[in-house]
Amino acid sequence: MAAGPWCWGTPVALPLLSLLLPLLLLLLLGGARRLRRGRAGSRVCARGGRALVLTAHPDDEAMFFAPALLGLRSAGAAPAVLCCSAGNYYNQGEIRKKELEQSCCVLGIPASDVTVIDHRPSSQDQDVERDSIPYGKTVQGIKDRDLPDDPAVEWDPQLLATLVLKHIEAKNINLVVTFDARGVSGHANHISLYTAVRYLHSEGKLPEGCQVLVLESVNLCRKYISFLDVLISCLLPRDALFILTEEETEQAKRAMRCHRSQLLWFRQLYLLFSRYLVVNSLRLFRQDSIHRSQE
């Protein structure tokens, strides 16, 4: 049977396809840029509220949560950062804590709202108060075996939940933002944060009115198409969506560059292609969603 005039292998179709593909790409680029001029933010945390972005390591706040931090700050929600590790996997904990403060400063988060929990063993083998405290000080007495900075180790959910809850209560937090069950990158420490917050939520231990948003993990293709994922994120269901303008994306990248000790070649590529430096899509914790994640 002879090929029709619109068969993709014919001489007529190939030039047409070469014209349509660039046109489609221009439409996608134009649509994404138009959407980036505005922000579809979250109404979960009202102006004057207190939001807490819960991270596992220094650089998570810029690498994954910059759109949420900048969006919440613009909405008047006064976001704070609780980082549950000094990032001491390669014995760079002190350097990374300083980089975290610099990054948060670029994102408009003052040092007084940045807290690091240092999980390294104390020099003296004794227990002390296990409270999270502001940047510049460390929490001693928490053994390295309990909450190590290690991509293969899941943290103790009971200990982590206790630390997080104390911080939430002390800071009058009414919105917690953290990783979802897949942890964006599959990092065990990221997933541990989700597990701890899920426990607090499902057991009714969070303060009344305190809600939880979890950052959506996406497939590998979406993860590395930068601002083109804005269109996809707008079309899919979500409870909160934070989209950065081009200027704000550059601000997020400046924050990430503060983490000089982590800027290996593959993270330079991450700066160029990651959608998490442009858009954050998040979902609210609900009892039905928690039950599904446990199945």
# chains A, B, ... in the order shown; residues from 1 in each chain; ligands from 1
call {"tool": "residues_around", "arguments": {"residues": "region 164-177 of chain A", "least_positions_apart": "5", "cutoff": "9 Å", "atoms": "only C-alpha atoms", "output": "JSON, numbers by chain"}}
result
{"A": [44, 45, 49, 50, 51, 52, 53, 54, 55, 65, 68, 82, 84, 131, 132, 133, 159, 196, 197, 200, 205, 206, 207, 208, 209, 210, 211, 212, 213, 214, 215, 282]}
call {"tool": "residues_around", "arguments": {"residues": "Ala252 (chain A)", "least_positions_apart": "6", "cutoff": "12 Å", "atoms": "only C-alpha atoms", "output": "PDB file with C-alpha atoms, in the first residue's frame"}}
result
ATOM      1  CA  ASP A  59      22.252  23.007  51.007  1.00  0.00           C
ATOM      2  CA  ASP A  60      18.787  21.349  51.055  1.00  0.00           C
ATOM      3  CA  GLU A  61      17.203  24.750  51.670  1.00  0.00           C
ATOM      4  CA  ALA A  62      18.630  26.107  48.400  1.00  0.00           C
ATOM      5  CA  MET A  63      18.782  22.933  46.340  1.00  0.00           C
ATOM      6  CA  PHE A  64      15.182  21.874  46.950  1.00  0.00           C
ATOM      7  CA  PHE A  65      13.167  24.453  48.909  1.00  0.00           C
ATOM      8  CA  ALA A  66      14.200  27.872  47.546  1.00  0.00           C
ATOM      9  CA  PRO A  67      10.864  28.483  45.750  1.00  0.00           C
ATOM     10  CA  ALA A  68       8.901  27.660  48.919  1.00  0.00           C
ATOM     11  CA  LEU A  69      11.140  29.807  51.117  1.00  0.00           C
ATOM     12  CA  LEU A  70      10.994  32.809  48.807  1.00  0.00           C
ATOM     13  CA  GLY A  71       7.278  32.340  48.186  1.00  0.00           C
ATOM     14  CA  SER A 103      22.768  30.765  51.815  1.00  0.00           C
ATOM     15  CA  CYS A 104      19.834  31.637  54.074  1.00  0.00           C
ATOM     16  CA  CYS A 105      21.000  35.251  54.164  1.00  0.00           C
ATOM     17  CA  VAL A 106      20.795  35.344  50.350  1.00  0.00           C
ATOM     18  CA  LEU A 107      17.274  33.906  50.598  1.00  0.00           C
ATOM     19  CA  GLY A 108      16.295  36.585  53.112  1.00  0.00           C
ATOM     20  CA  ILE A 243       6.943  29.506  41.023  1.00  0.00           C
ATOM     21  CA  LEU A 244       9.994  31.741  40.890  1.00  0.00           C
ATOM     22  CA  THR A 245      10.530  34.524  38.396  1.00  0.00           C
ATOM     23  CA  GLU A 246      13.785  34.587  36.441  1.00  0.00           C
ATOM     24  CA  CYS A 258      27.174  29.734  48.867  1.00  0.00           C
ATOM     25  CA  HIS A 259      27.663  26.010  49.465  1.00  0.00           C
ATOM     26  CA  LEU A 271      22.066  24.534  38.833  1.00  0.00           C
ATOM     27  CA  LEU A 272      21.391  24.643  35.112  1.00  0.00           C
ATOM     28  CA  SER A 274      16.851  21.382  38.066  1.00  0.00           C
ATOM     29  CA  ARG A 275      13.151  22.266  38.278  1.00  0.00           C
ATOM     30  CA  TYR A 276      13.513  22.613  42.074  1.00  0.00           C
ATOM     31  CA  LEU A 277      15.326  25.922  41.585  1.00  0.00           C
ATOM     32  CA  VAL A 278      12.256  27.219  39.731  1.00  0.00           C
ATOM     33  CA  VAL A 279       9.145  25.507  41.051  1.00  0.00           C
TER      34      VAL A 279
END
call {"tool": "select_by_dssp", "arguments": {"residues": "region 52-212 of chain A", "states": "strand (DSSP E or B)", "output": "MDAnalysis selection string"}}
result
chainID A and resid 52:55 79:83 114:116 133:134 175:179 211:212
call {"tool": "atom_distance", "arguments": {"atom1": "CA of Leu284 (chain A)", "atom2": "CA of Ala80 (chain A)"}}
result
18.6 Å
call {"tool": "residues_around", "arguments": {"residues": "Ser192 (chain A)", "least_positions_apart": "6", "cutoff": "10 Å", "atoms": "only C-alpha atoms", "output": "PyMOL selection string"}}
result
chain A and resi 56+147+153-157+160-161+179-183+198
call {"tool": "closest_residue", "arguments": {"among": "A:Leu241, A:Ala86, A:Leu163, A:Leu235", "to": "Asn280 (chain A)", "atoms": "only C-alpha atoms"}}
result
A:Leu241
call {"tool": "closest_residue", "arguments": {"among": "A:Cys83, A:Leu228, A:Leu220, A:Ile191", "to": "His57 (chain A)", "atoms": "only C-alpha atoms"}}
result
A:Cys83
